[in-house]
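Participant: I'm passing along my_file_24.csv; it holds CSV, C-alpha atoms and all ligand atoms.
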```
chain,number,residue,atom,x,y,z
A,1,MET,CA,0.0,0.0,0.0
A,2,ARG,CA,1.3,3.5,-0.9
A,3,VAL,CA,-0.4,6.5,0.7
A,4,THR,CA,-0.1,10.2,-0.2
A,5,TRP,CA,-1.7,13.2,1.4
A,6,ALA,CA,-1.8,16.6,-0.2
A,7,ASP,CA,-4.2,19.5,0.1
A,8,GLY,CA,-6.7,17.5,2.0
A,9,LEU,CA,-6.7,14.6,-0.4
A,10,LEU,CA,-5.8,11.1,0.7
A,11,THR,CA,-4.8,8.8,-2.1
A,12,PHE,CA,-3.8,5.2,-1.8
A,13,ARG,CA,-2.5,2.7,-4.3
A,14,LEU,CA,-2.7,-1.0,-3.7
A,15,ASP,CA,0.4,-3.2,-4.0
A,16,LEU,CA,0.3,-6.5,-5.8
A,17,GLU,CA,-0.4,-8.5,-2.6
A,18,ASP,CA,-3.2,-6.1,-1.4
A,19,GLN,CA,-6.9,-6.9,-2.1
A,20,ILE,CA,-10.1,-4.9,-2.5
A,21,THR,CA,-11.9,-7.3,-0.2
A,22,GLY,CA,-10.9,-7.6,3.5
A,23,LYS,CA,-12.1,-7.6,7.0
A,24,ALA,CA,-12.5,-4.7,9.5
A,25,SER,CA,-10.9,-5.3,12.9
A,26,ASP,CA,-14.3,-6.7,14.1
A,27,GLU,CA,-14.0,-9.4,11.4
A,28,TYR,CA,-16.8,-7.9,9.4
A,29,PRO,CA,-16.2,-8.4,5.6
A,30,VAL,CA,-15.8,-5.1,3.7
A,31,LYS,CA,-15.1,-4.2,0.1
A,32,LEU,CA,-13.3,-1.2,-1.4
A,33,ALA,CA,-15.1,1.2,-3.7
A,34,THR,CA,-12.4,3.8,-4.6
A,35,ASN,CA,-8.9,4.8,-3.6
A,36,SER,CA,-9.1,8.4,-2.6
A,37,CYS,CA,-11.0,10.5,-0.2
A,38,THR,CA,-10.9,14.0,1.2
A,39,ILE,CA,-10.6,15.2,4.8
A,40,THR,CA,-11.1,18.9,5.1
A,41,ASP,CA,-10.9,21.4,8.0
A,42,VAL,CA,-7.6,19.9,9.2
A,43,PRO,CA,-4.1,21.4,9.1
A,44,ASP,CA,-1.6,20.3,6.4
A,45,ASP,CA,1.3,19.9,8.8
A,46,ALA,CA,0.0,17.4,11.4
A,47,HIS,CA,2.7,15.2,12.9
A,48,PRO,CA,3.5,12.4,10.4
A,49,ASP,CA,2.4,9.7,12.9
A,50,LEU,CA,-1.0,11.4,13.3
A,51,PHE,CA,-1.4,11.4,9.5
A,52,ALA,CA,-0.3,7.8,9.4
A,53,VAL,CA,-2.9,6.6,11.9
A,54,ALA,CA,-5.6,8.6,10.2
A,55,ALA,CA,-4.7,7.0,6.9
A,56,TRP,CA,-4.5,3.5,8.5
A,57,THR,CA,-8.1,3.8,9.7
A,58,VAL,CA,-9.1,3.9,6.0
A,59,VAL,CA,-6.6,1.5,4.4
A,60,ALA,CA,-6.1,-1.2,7.1
A,61,PRO,CA,-8.6,-3.7,5.7
A,62,TRP,CA,-6.9,-3.8,2.3
A,63,THR,CA,-3.3,-3.8,3.3
A,64,ARG,CA,-1.5,-7.2,3.6
A,65,LYS,CA,2.3,-6.8,4.0
A,66,ARG,CA,3.6,-3.2,3.9
A,67,ILE,CA,2.5,0.4,3.8
A,68,THR,CA,4.7,3.2,2.5
A,69,PHE,CA,3.8,6.8,3.4
A,70,ASP,CA,4.8,9.9,1.6
A,71,ARG,CA,6.6,11.1,4.8
A,72,ALA,CA,8.7,9.5,7.4
A,73,VAL,CA,6.9,8.0,10.5
A,74,SER,CA,8.5,7.3,13.9
A,75,ALA,CA,10.1,4.0,14.7
A,76,ARG,CA,7.6,3.7,17.6
A,77,PHE,CA,4.6,4.0,15.3
A,78,ALA,CA,6.1,1.4,12.8
A,79,GLN,CA,6.8,-1.0,15.7
A,80,VAL,CA,3.3,-0.8,17.1
A,81,LEU,CA,1.7,-1.2,13.6
A,82,HIS,CA,3.8,-4.3,13.0
A,83,ASP,CA,3.0,-5.7,16.4
A,84,GLY,CA,-0.7,-5.3,15.8
A,85,TRP,CA,-1.1,-6.1,12.2
A,86,GLY,CA,2.1,-7.7,11.0
A,87,VAL,CA,2.5,-4.9,8.4
A,88,GLU,CA,5.8,-3.2,7.7
A,89,ALA,CA,5.5,0.6,7.8
A,90,GLY,CA,7.9,3.2,6.4
A,91,PRO,CA,9.9,5.1,5.7
A,92,VAL,CA,11.0,5.5,9.3
A,93,GLY,CA,12.7,8.6,10.6
A,94,ALA,CA,10.5,11.0,12.5
A,95,GLU,CA,10.5,11.6,16.3
A,96,PRO,CA,7.5,10.2,18.1
A,97,ARG,CA,4.7,12.6,19.0
A,98,ALA,CA,4.4,13.5,22.7
A,99,ALA,CA,0.9,13.3,24.2
A,100,GLY,CA,-0.9,16.6,24.7
A,101,GLY,CA,-2.9,17.5,27.7
A,102,THR,CA,-6.5,17.9,26.4
A,103,LEU,CA,-9.3,15.4,26.1
A,104,ALA,CA,-11.7,16.0,23.2
A,105,ILE,CA,-14.9,14.1,22.6
A,106,SER,CA,-15.6,12.5,19.3
A,107,TYR,CA,-19.1,13.8,19.2
A,108,SER,CA,-21.9,12.3,17.0
A,109,GLY,CA,-24.8,13.8,18.9
A,110,GLY,CA,-26.2,10.4,19.8
A,111,ALA,CA,-27.2,9.5,23.4
A,112,ASP,CA,-23.9,7.7,24.0
A,113,SER,CA,-21.6,10.6,23.0
A,114,VAL,CA,-23.8,13.1,24.8
A,115,ALA,CA,-23.4,11.0,27.9
A,116,ALA,CA,-19.7,10.9,27.5
A,117,ALA,CA,-19.7,14.7,27.0
A,118,ALA,CA,-21.7,15.2,30.1
A,119,ILE,CA,-18.9,13.7,32.2
A,120,TYR,CA,-16.4,16.3,30.9
A,121,PRO,CA,-18.3,19.6,30.6
A,122,ASP,CA,-15.1,21.4,29.5
A,123,ALA,CA,-14.0,19.0,26.8
A,124,PRO,CA,-14.1,20.3,23.2
A,125,PHE,CA,-15.9,18.4,20.5
A,126,VAL,CA,-14.7,17.1,17.2
A,127,HIS,CA,-17.6,16.2,14.9
A,128,PHE,CA,-17.3,14.1,11.8
A,129,ARG,CA,-19.5,15.3,9.0
A,130,ARG,CA,-20.1,13.1,5.9
A,131,VAL,CA,-20.0,14.9,2.5
A,132,PRO,CA,-20.6,13.4,-0.9
A,133,HIS,CA,-17.7,11.8,-2.9
A,134,PRO,CA,-17.1,13.3,-6.3
A,135,ARG,CA,-16.6,9.9,-7.9
A,136,VAL,CA,-19.0,7.6,-6.0
A,137,PRO,CA,-22.8,7.8,-6.5
A,138,ASN,CA,-24.6,8.7,-3.3
A,139,ARG,CA,-26.8,5.7,-2.4
A,140,TRP,CA,-27.7,7.3,0.9
A,141,PRO,CA,-29.3,10.6,0.0
A,142,HIS,CA,-31.5,10.6,3.0
A,143,TYR,CA,-28.6,10.8,5.4
A,144,ARG,CA,-28.9,14.2,7.1
A,145,SER,CA,-25.3,15.0,8.1
A,146,ASP,CA,-26.2,18.7,7.9
A,147,VAL,CA,-28.8,18.3,10.6
A,148,LEU,CA,-26.4,16.5,12.9
A,149,ALA,CA,-23.7,19.1,12.3
A,150,ARG,CA,-26.1,21.9,13.1
A,151,LEU,CA,-27.1,20.2,16.4
A,152,ALA,CA,-23.5,19.9,17.3
A,153,GLN,CA,-23.0,23.6,16.7
A,154,GLN,CA,-26.0,24.3,19.0
A,155,THR,CA,-24.3,22.6,22.0
A,156,GLY,CA,-22.2,25.7,22.6
A,157,ARG,CA,-19.1,23.6,23.1
A,158,PRO,CA,-15.8,24.5,21.4
A,159,LEU,CA,-16.4,22.5,18.2
A,160,THR,CA,-14.3,21.3,15.3
A,161,THR,CA,-16.4,19.9,12.5
A,162,VAL,CA,-14.4,17.9,10.0
A,163,ARG,CA,-16.0,17.2,6.6
A,164,SER,CA,-15.0,14.0,4.8
A,165,ASP,CA,-16.1,11.6,2.1
A,166,LEU,CA,-14.0,8.8,3.4
A,167,GLU,CA,-17.1,6.6,4.0
A,168,TYR,CA,-17.5,6.3,0.3
A,169,THR,CA,-14.3,4.4,0.0
A,170,LEU,CA,-16.4,1.5,1.2
A,171,ALA,CA,-18.6,-0.3,-1.3
A,172,GLU,CA,-19.8,-3.0,1.0
A,173,PRO,CA,-21.7,-3.5,3.2
A,174,ARG,CA,-22.6,0.1,2.5
A,175,PRO,CA,-20.9,3.5,2.7
A,176,GLY,CA,-19.4,3.7,6.2
A,177,TYR,CA,-16.1,3.7,8.1
A,178,PRO,CA,-13.6,1.2,6.7
A,179,GLU,CA,-12.5,0.7,10.3
A,180,HIS,CA,-14.7,2.1,13.2
A,181,HIS,CA,-11.8,4.3,14.1
A,182,ALA,CA,-12.0,6.3,10.8
A,183,VAL,CA,-14.5,8.5,12.6
A,184,ALA,CA,-11.5,9.9,14.4
A,185,ALA,CA,-9.4,10.7,11.3
A,186,GLY,CA,-10.2,14.4,11.5
A,187,ALA,CA,-9.6,14.5,15.3
A,188,LEU,CA,-6.2,12.8,14.8
A,189,LEU,CA,-5.2,15.3,12.1
A,190,ASN,CA,-6.2,18.1,14.4
A,191,ALA,CA,-4.5,16.6,17.5
A,192,ASP,CA,-1.6,19.0,17.5
A,193,ARG,CA,-3.8,22.1,17.0
A,194,LEU,CA,-6.0,21.0,19.9
A,195,ASP,CA,-3.2,19.7,22.1
A,196,LEU,CA,-4.9,16.3,22.3
A,197,GLY,CA,-3.7,13.6,24.7
A,198,GLY,CA,-7.0,11.7,24.6
A,199,LEU,CA,-10.0,11.3,22.4
A,200,GLY,CA,-13.3,10.2,24.1
A,201,PHE,CA,-15.7,8.0,22.3
A,202,GLY,CA,-19.3,7.2,23.3
A,203,TYR,CA,-18.8,3.4,23.1
A,204,GLU,CA,-20.7,1.9,26.0
A,205,ILE,CA,-20.5,-1.5,27.8
A,206,GLY,CA,-22.1,-3.4,24.9
A,207,SER,CA,-19.5,-2.2,22.4
A,208,ARG,CA,-16.5,-2.4,24.8
A,209,TRP,CA,-17.2,-5.5,27.0
A,210,LEU,CA,-20.2,-7.4,25.7
A,211,GLY,CA,-19.1,-8.0,22.1
A,212,GLY,CA,-21.7,-5.5,20.9
A,213,GLY,CA,-22.4,-4.1,17.4
A,214,ARG,CA,-21.3,-6.4,14.6
A,215,TYR,CA,-19.9,-9.2,16.8
A,216,LEU,CA,-22.2,-10.8,19.2
A,217,HIS,CA,-22.9,-11.9,22.7
A,218,ARG,CA,-19.6,-12.7,24.4
A,219,TYR,CA,-17.5,-11.1,27.1
A,220,THR,CA,-14.7,-9.2,25.3
A,221,PRO,CA,-12.0,-8.0,27.7
A,222,ASP,CA,-9.5,-8.0,24.9
A,223,ASN,CA,-11.7,-6.2,22.4
A,224,PRO,CA,-9.3,-5.4,19.5
A,225,MET,CA,-11.0,-2.1,18.7
A,226,TRP,CA,-11.4,-0.5,22.1
A,227,ALA,CA,-9.3,-2.2,24.8
A,228,PRO,CA,-6.3,0.0,25.7
A,229,HIS,CA,-4.1,-3.1,25.3
A,230,GLY,CA,-5.8,-4.0,22.0
A,231,LYS,CA,-4.0,-3.2,18.7
A,232,TRP,CA,-6.0,0.0,18.0
A,233,GLY,CA,-5.6,1.2,21.7
A,234,ARG,CA,-1.8,0.7,21.4
A,235,LEU,CA,-1.7,2.5,18.0
A,236,PHE,CA,-3.6,5.5,19.2
A,237,ALA,CA,-1.4,5.6,22.4
A,238,ALA,CA,1.7,5.5,20.2
A,239,VAL,CA,0.8,8.8,18.7
A,240,GLY,CA,-0.1,10.4,22.0
A,241,VAL,CA,-3.9,10.3,21.5
A,242,HIS,CA,-5.3,7.8,24.0
A,243,ILE,CA,-8.6,6.1,23.3
A,244,VAL,CA,-10.9,7.1,26.2
A,245,LEU,CA,-14.3,5.5,26.8
A,246,PRO,CA,-16.0,7.6,29.5
A,247,VAL,CA,-19.2,5.5,29.3
A,248,GLY,CA,-17.5,2.2,28.6
A,249,GLY,CA,-18.7,0.8,31.9
A,250,VAL,CA,-22.4,1.5,31.5
A,251,SER,CA,-25.3,0.3,29.3
A,252,GLU,CA,-27.3,2.2,26.8
A,253,ALA,CA,-30.0,2.5,29.4
A,254,VAL,CA,-27.7,4.6,31.5
A,255,THR,CA,-26.3,6.7,28.6
A,256,MET,CA,-29.9,7.4,27.5
A,257,ARG,CA,-30.8,8.6,31.0
A,258,LEU,CA,-27.6,10.7,31.4
A,259,ALA,CA,-28.1,12.2,27.9
A,260,LEU,CA,-31.8,13.1,28.5
A,261,GLU,CA,-30.9,14.6,31.9
A,262,SER,CA,-27.9,16.6,30.6
A,263,GLU,CA,-27.8,20.2,29.5
A,264,LEU,CA,-27.3,18.9,26.0
A,265,ALA,CA,-30.6,17.0,26.0
A,266,GLY,CA,-32.1,19.4,23.4
A,267,GLN,CA,-29.4,18.5,20.9
A,268,VAL,CA,-29.5,14.7,21.3
A,269,ARG,CA,-30.2,13.0,18.0
A,270,TRP,CA,-29.3,9.3,17.1
A,271,CYS,CA,-31.3,9.2,13.9
A,272,LEU,CA,-29.3,9.7,10.7
A,273,SER,CA,-32.2,10.3,8.4
A,274,GLY,CA,-34.5,12.6,10.4
A,275,ALA,CA,-35.1,16.1,9.3
A,276,ALA,CA,-34.5,19.4,11.1
A,277,ASP,CA,-37.7,19.0,13.2
A,278,GLY,CA,-37.0,15.6,14.6
A,279,PRO,CA,-36.0,12.0,14.2
A,280,CYS,CA,-37.7,9.8,11.5
A,281,ARG,CA,-39.1,7.3,14.1
A,282,THR,CA,-39.1,4.4,11.6
A,283,CYS,CA,-35.5,3.5,11.0
A,284,ALA,CA,-33.9,0.6,12.8
A,285,LYS,CA,-31.9,2.9,15.1
A,286,CYS,CA,-35.0,4.9,16.0
A,287,LEU,CA,-36.8,1.7,16.9
A,288,TYR,CA,-34.0,0.3,19.0
A,289,LYS,CA,-33.5,3.6,20.8
A,290,GLU,CA,-37.2,4.0,21.5
A,291,LEU,CA,-37.1,0.6,23.1
A,292,ILE,CA,-34.4,1.8,25.4
A,293,GLN,CA,-36.0,5.2,26.1
A,294,ALA,CA,-39.4,3.7,26.8
A,295,ALA,CA,-37.8,1.3,29.3
A,296,VAL,CA,-35.9,4.1,31.0
A,297,GLU,CA,-39.0,6.3,31.2
A,298,ARG,CA,-41.2,3.3,32.2
A,299,ARG,CA,-43.9,4.1,29.7
A,300,PRO,CA,-45.5,2.2,26.8
A,301,LEU,CA,-43.6,2.0,23.5
A,302,ASP,CA,-44.4,4.9,21.2
A,303,THR,CA,-43.7,3.8,17.6
A,304,PRO,CA,-45.6,3.9,14.3
A,305,LEU,CA,-44.2,0.5,13.4
A,306,THR,CA,-46.4,-2.6,13.8
A,307,ALA,CA,-45.7,-6.3,13.8
A,308,GLY,CA,-46.4,-6.6,10.1
A,309,HIS,CA,-43.7,-4.0,9.2
A,310,PRO,CA,-40.5,-5.4,7.5
A,311,ARG,CA,-38.5,-3.7,10.3
A,312,ALA,CA,-40.2,-6.0,12.8
A,313,ARG,CA,-38.9,-9.2,11.2
A,314,LYS,CA,-35.6,-9.1,13.0
A,315,TRP,CA,-37.5,-9.4,16.3
A,316,LEU,CA,-39.2,-12.5,15.3
A,317,ARG,CA,-35.9,-14.3,14.8
A,318,PRO,CA,-34.2,-16.0,17.7
A,319,PRO,CA,-31.3,-14.3,19.4
A,320,PRO,CA,-28.4,-13.5,19.5
A,321,TYR,CA,-28.8,-9.9,18.4
A,322,GLY,CA,-26.4,-7.0,18.7
A,323,GLY,CA,-27.5,-5.0,21.7
A,324,GLN,CA,-29.3,-8.0,23.1
A,325,GLU,CA,-28.7,-6.9,26.7
A,326,MET,CA,-30.8,-3.8,25.9
A,327,VAL,CA,-33.6,-5.9,24.3
A,328,GLU,CA,-33.8,-7.9,27.5
A,329,TYR,CA,-33.8,-4.7,29.5
A,330,GLY,CA,-36.7,-3.3,27.4
A,331,LEU,CA,-38.8,-6.5,27.5
A,332,ALA,CA,-38.5,-6.6,31.2
A,333,ARG,CA,-39.6,-3.0,31.8
A,334,ILE,CA,-41.9,-1.6,29.1
A,335,PRO,CA,-45.6,-1.7,30.1
A,336,GLY,CA,-47.7,-3.5,27.4
A,337,ILE,CA,-44.6,-4.8,25.5
A,338,GLU,CA,-46.6,-8.0,24.8
A,339,ARG,CA,-48.9,-5.9,22.5
A,340,THR,CA,-46.1,-4.4,20.4
A,341,LEU,CA,-43.9,-5.7,17.5
A,342,PHE,CA,-41.5,-7.0,20.2
A,343,ALA,CA,-44.1,-9.6,21.4
A,344,GLY,CA,-42.4,-12.3,19.4
A,345,ALA,CA,-39.1,-11.7,21.1
A,346,LEU,CA,-40.7,-12.4,24.5
A,347,ASP,CA,-40.7,-16.1,23.7
A,348,TYR,CA,-36.9,-16.2,23.7
A,349,PHE,CA,-36.2,-14.5,27.0
A,350,ASP,CA,-37.0,-14.8,30.6
A,351,ALA,CA,-36.0,-11.2,31.4
A,352,THR,CA,-37.1,-9.6,34.6
A,353,GLU,CA,-36.3,-6.3,36.3
A,354,GLU,CA,-34.1,-8.2,38.8
A,355,SER,CA,-32.2,-10.2,36.1
A,356,THR,CA,-31.5,-7.0,34.1
A,357,SER,CA,-30.7,-4.6,37.0
A,358,TRP,CA,-27.0,-5.0,36.5
A,359,LEU,CA,-27.5,-2.8,33.4
A,360,GLU,CA,-28.2,0.2,35.6
A,361,HIS,CA,-24.7,0.3,37.2
A,362,CYS,CA,-21.2,0.9,36.2
A,363,TYR,CA,-18.6,-1.9,35.6
A,364,PRO,CA,-15.6,-0.8,37.6
A,365,PRO,CA,-12.8,-2.2,35.3
A,366,ALA,CA,-14.1,0.3,32.6
A,367,LEU,CA,-13.1,3.1,34.9
A,368,ALA,CA,-9.7,1.6,35.7
A,369,GLU,CA,-8.7,1.6,32.0
A,370,ILE,CA,-9.4,5.3,31.6
A,371,PRO,CA,-6.0,7.1,31.4
A,372,GLU,CA,-5.0,8.7,34.6
A,373,PRO,CA,-5.5,12.4,33.7
A,374,TRP,CA,-9.2,11.8,33.2
A,375,ARG,CA,-10.0,8.8,35.4
A,376,GLU,CA,-10.8,10.6,38.6
A,377,ARG,CA,-13.5,12.7,37.0
A,378,ALA,CA,-15.2,9.7,35.4
A,379,THR,CA,-15.0,7.7,38.6
A,380,SER,CA,-16.5,10.4,40.8
A,381,PHE,CA,-19.2,11.0,38.2
A,382,MET,CA,-20.2,7.4,37.9
A,383,THR,CA,-20.1,6.8,41.7
A,384,ALA,CA,-22.4,9.8,42.3
A,385,GLU,CA,-24.7,9.6,39.3
A,386,VAL,CA,-24.9,5.9,38.5
A,387,GLY,CA,-23.4,3.6,41.2
A,388,LEU,CA,-20.9,0.9,40.8
A,389,MET,CA,-21.7,-2.7,40.1
A,390,THR,CA,-21.7,-5.3,43.0
A,391,GLU,CA,-19.6,-8.4,42.7
A,392,LYS,CA,-22.6,-10.3,41.6
A,393,GLU,CA,-23.3,-7.8,38.8
A,394,ILE,CA,-19.7,-7.8,37.7
A,395,HIS,CA,-20.1,-11.6,37.4
A,396,ARG,CA,-23.0,-11.0,35.0
A,397,VAL,CA,-20.8,-9.0,32.7
A,398,GLU,CA,-17.9,-11.4,32.8
A,399,THR,CA,-20.1,-14.4,32.0
A,400,TRP,CA,-22.1,-12.7,29.3
A,401,GLY,CA,-22.6,-15.1,26.4
A,402,SER,CA,-21.3,-18.1,28.3
A,403,THR,CA,-24.4,-18.9,30.3
A,404,GLY,CA,-28.1,-19.0,29.7
B,501,ZN,ZN,-34.7,7.3,12.5
```
Please, can you express the file's structure as structure tokens?
Facilitator:
Amino acid sequence: MRVTWADGLLTFRLDLEDQITGKASDEYPVKLATNSCTITDVPDDAHPDLFAVAAWTVVAPWTRKRITFDRAVSARFAQVLHDGWGVEAGPVGAEPRAAGGTLAISYSGGADSVAAAAIYPDAPFVHFRRVPHPRVPNRWPHYRSDVLARLAQQTGRPLTTVRSDLEYTLAEPRPGYPEHHAVAAGALLNADRLDLGGLGFGYEIGSRWLGGGRYLHRYTPDNPMWAPHGKWGRLFAAVGVHIVLPVGGVSEAVTMRLALESELAGQVRWCLSGAADGPCRTCAKCLYKELIQAAVERRPLDTPLTAGHPRARKWLRPPPYGGQEMVEYGLARIPGIERTLFAGALDYFDATEESTSWLEHCYPPALAEIPEPWRERATSFMTAEVGLMTEKEIHRVETWGSTG
């Protein structure tokens, strides 16, 4: 793989051994659409290791043996890349980057990143905004990145919005981040300007510890994407931008509650296709988040979707599902759930308020892995606002997917 970066344009050329099909770090199969993308609103002279990590978030799935950058990287970066992926990086010759002192939040505007932001009221935001790619047809015209960017602006926090078409480098399964970490490309390139030492993400306990998202239902202490000792955690640390998961110890029920109680509640928006006046209420994300919100607010489900809708089909299939812990939580708490499109899922679970109450507390090892400069704040916040898990509840986390 050969990578160049000039005037906001990232271009990469595959070597003979590289392939246009690959797997993201969560093992999900992905396919390349095109070999260039732009990242704007970033300085031209970022530390070469920052540029290299930003580029790696886009090209990692396609690279087999080596990657050659258009500028020298540090020996430390090359070593960590090799340790994690078995890929040779070069040329080598730069001094490593020293970590800065600031924690920024990678801010999407969804409940999870709003909850992360609520823990650090002074942290600046970096927002990734999707823009169309000049050479790839836009198959997602309903995606309202303009609405999300405007809501981010309305938070009043110091905000850096980075515009990029990098998601269109992915042909399959759909436009999106080649690696989950590509959302951070703009933050990485701005890390010197913002003096970043850490970047906070809204990944919660499901994503960090319960194998959530695209890989399912197992306890994942060595999560390759988000554990500090995982390959991505080590790579970010090598360039002085530690991955920080402020809400990594709590469930989406907790992040939902914290977000709706926070001063940013008016700007919370998890729906990618809703218009300026509100979420669409019918996409898969809206339905899933409504399940969680109704459970948190202990009220009946409020959705226009019925059991006959195609969106309901997923809930007629047996588990496992991504986010299964939250499905169990919702089934146990929503009044009248047996009269909704989730009725079919009731057959698969035996969830009760007692059996799901561990999802209302914080898993302490998640606090222990927050880097020292920001750990105390998260620990005191979680202790005061959420409460820490008991030994029995910790056991529930650590046996997730292996029992029942
Ligand atoms: Zn929606």
Participant: Which residues, written as a PyMOL selection string, have at least one atom at most 9 Å from range 325-334 of chain A, with only C-alpha atoms counted and residues fewer than 4 positions away on the same chain left out?
Facilitator: chain A and resi 206+210+217+251-253+288+291-301+321+338+342-343+345-346+349-357+359
Participant: Can I get the residues of chain A within 7 Å of ligand ZN 501 (chain B), each with the closest pair of atoms and their distance in Å to one decimal, using only C-alpha atoms and all ligand atoms, sorted chain first then ascending number, as CSV?
Facilitator:
```
residue,atom,partner,partner_atom,distance
A:Cys271,CA,B:ZN501,ZN,4.1
A:Leu272,CA,B:ZN501,ZN,6.2
A:Ser273,CA,B:ZN501,ZN,5.7
A:Gly274,CA,B:ZN501,ZN,5.7
A:Pro279,CA,B:ZN501,ZN,5.2
A:Cys280,CA,B:ZN501,ZN,4.0
A:Arg281,CA,B:ZN501,ZN,4.7
A:Thr282,CA,B:ZN501,ZN,5.3
A:Cys283,CA,B:ZN501,ZN,4.2
A:Ala284,CA,B:ZN501,ZN,6.8
A:Lys285,CA,B:ZN501,ZN,5.8
A:Cys286,CA,B:ZN501,ZN,4.3
```
Participant: Which is closest to Val136 in chain A among A:Ala33, A:Ala227, A:Gln153, A:Asp83, if we use all atoms listed in the file?
Facilitator: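 For Val136 in chain A, the nearest of the given residues is A:Ala33.
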Participant: Have a look at A:Thr303, A:Thr399, A:Thr169, A:Thr57 and name the one nearest to Ala184 in chain A; count all atoms listed in the file.
Facilitator: A:Thr57
Participant: Skipping near chain neighbours, those fewer than 3 positions away, what residues fall within 7 Å of Val126 in chain A using all atoms listed in the file, listed as number ranges by chain?
Facilitator: A: 104-107, 159-161, 187
Participant: Which value, in Å to one decimal, gives the distance between CA of Ala98 in chain A and CA of Val239 in chain A?
Facilitator: 7.1 Å
Participant: Quick one: residues within 10 Å of Thr340 in chain A, all atoms listed in the file, excluding same-chain residues fewer than 4 positions away - as a PyMOL selection string?
Facilitator: chain A and resi 300-303+305-307+312+336+344
Participant: In terms of the shortest atom-to-atom distance over all atoms listed in the file, which of A:Val58, A:Ala237, A:Glu376, A:Pro96 is closest to Asp165 in chain A?
Facilitator: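 Nearest to Asp165 in chain A: A:Val58.
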Participant: Could you give me, as a PyMOL selection string, the residues within 10 Å of Ala182 in chain A, counting all atoms listed in the file and dropping anything in the same chain fewer than 2 positions from it?
Facilitator: chain A and resi 53-59+128+166-167+176-180+184-188
Participant: Between CA of Arg97 in chain A and CA of Leu81 in chain A, what is the distance, to one decimal in Å?
Facilitator: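 Going from CA of Arg97 in chain A over to CA of Leu81 in chain A covers 15.1 Å.
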Participant: Could you tell me how far CA of Gln267 in chain A lies from CA of Phe381 in chain A, in Å and to one decimal?
Facilitator: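 Straight-line distance from CA of Gln267 in chain A to CA of Phe381 in chain A works out to 21.4 Å.
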Participant: When you count all atoms listed in the file, which of these residues is closest to Val250 in chain A: A:Arg375, A:His82, A:His361, A:Arg311?
Facilitator: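 Answer, going by the shortest atom-to-atom distance: A:His361.
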Participant: Rank nothing, just name the residue among A:Leu170, A:Leu287, A:Leu16, A:Ala115 nearest to Leu341 in chain A, using all atoms listed in the file.
Facilitator: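 Of A:Leu170, A:Leu287, A:Leu16, A:Ala115, the one nearest Leu341 in chain A, counting all atoms listed in the file, is A:Leu287.
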Participant: With only C-alpha atoms as the atoms that count, which of A:Ser36, A:Ser25, A:Ser74, A:Thr220 lies nearest to Arg208 in chain A?
Facilitator: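 Among the listed residues, A:Thr220 lies closest to Arg208 in chain A.
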Participant: So that all listed atoms of range 306-323 of chain A fit with 5 Å spare on each side, what axis-aligned box centre and edge lengths in Å, to one decimal, would you give as lines of an AutoDock Vina configuration file?
Facilitator:
```
center_x = -36.4
center_y = -9.3
center_z = 14.6
size_x = 30.0
size_y = 23.4
size_z = 24.2
```
Participant: List the neighbours of Glu172 in chain A out to 8 Å using only C-alpha atoms; skip same-chain residues closer than 4 positions along the sequence, and give me the result as a count of residues only.
Facilitator: 5
Participant: Please output range 272-281 of chain A, rebuilt to include N, CA and C atoms, as a JSON list (two decimals), keeping the file's coordinate frame.
Facilitator:
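The resulting out_23.json:
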```
[["chain", "number", "residue", "atom", "x", "y", "z"],
["A", 272, "LEU", "N", -30.07, 9.12, 11.81],
["A", 272, "LEU", "CA", -29.30, 9.70, 10.70],
["A", 272, "LEU", "C", -30.10, 10.24, 9.60],
["A", 273, "SER", "N", -31.40, 9.91, 9.59],
["A", 273, "SER", "CA", -32.20, 10.30, 8.40],
["A", 273, "SER", "C", -33.33, 11.28, 8.81],
["A", 274, "GLY", "N", -33.44, 11.65, 10.06],
["A", 274, "GLY", "CA", -34.50, 12.60, 10.40],
["A", 274, "GLY", "C", -34.24, 13.98, 9.89],
["A", 275, "ALA", "N", -35.27, 14.76, 9.78],
["A", 275, "ALA", "CA", -35.10, 16.10, 9.30],
["A", 275, "ALA", "C", -34.84, 17.08, 10.42],
["A", 276, "ALA", "N", -34.86, 18.37, 10.10],
["A", 276, "ALA", "CA", -34.50, 19.40, 11.10],
["A", 276, "ALA", "C", -35.43, 19.32, 12.31],
["A", 277, "ASP", "N", -36.71, 18.96, 12.07],
["A", 277, "ASP", "CA", -37.70, 19.00, 13.20],
["A", 277, "ASP", "C", -37.78, 17.76, 14.00],
["A", 278, "GLY", "N", -36.98, 16.75, 13.70],
["A", 278, "GLY", "CA", -37.00, 15.60, 14.60],
["A", 278, "GLY", "C", -36.58, 14.31, 13.91],
["A", 279, "PRO", "N", -36.43, 13.24, 14.71],
["A", 279, "PRO", "CA", -36.00, 12.00, 14.20],
["A", 279, "PRO", "C", -37.10, 11.33, 13.30],
["A", 280, "CYS", "N", -36.74, 10.34, 12.46],
["A", 280, "CYS", "CA", -37.70, 9.80, 11.50],
["A", 280, "CYS", "C", -38.71, 8.84, 12.19],
["A", 281, "ARG", "N", -38.31, 8.23, 13.32],
["A", 281, "ARG", "CA", -39.10, 7.30, 14.10],
["A", 281, "ARG", "C", -39.32, 5.94, 13.49]]
```
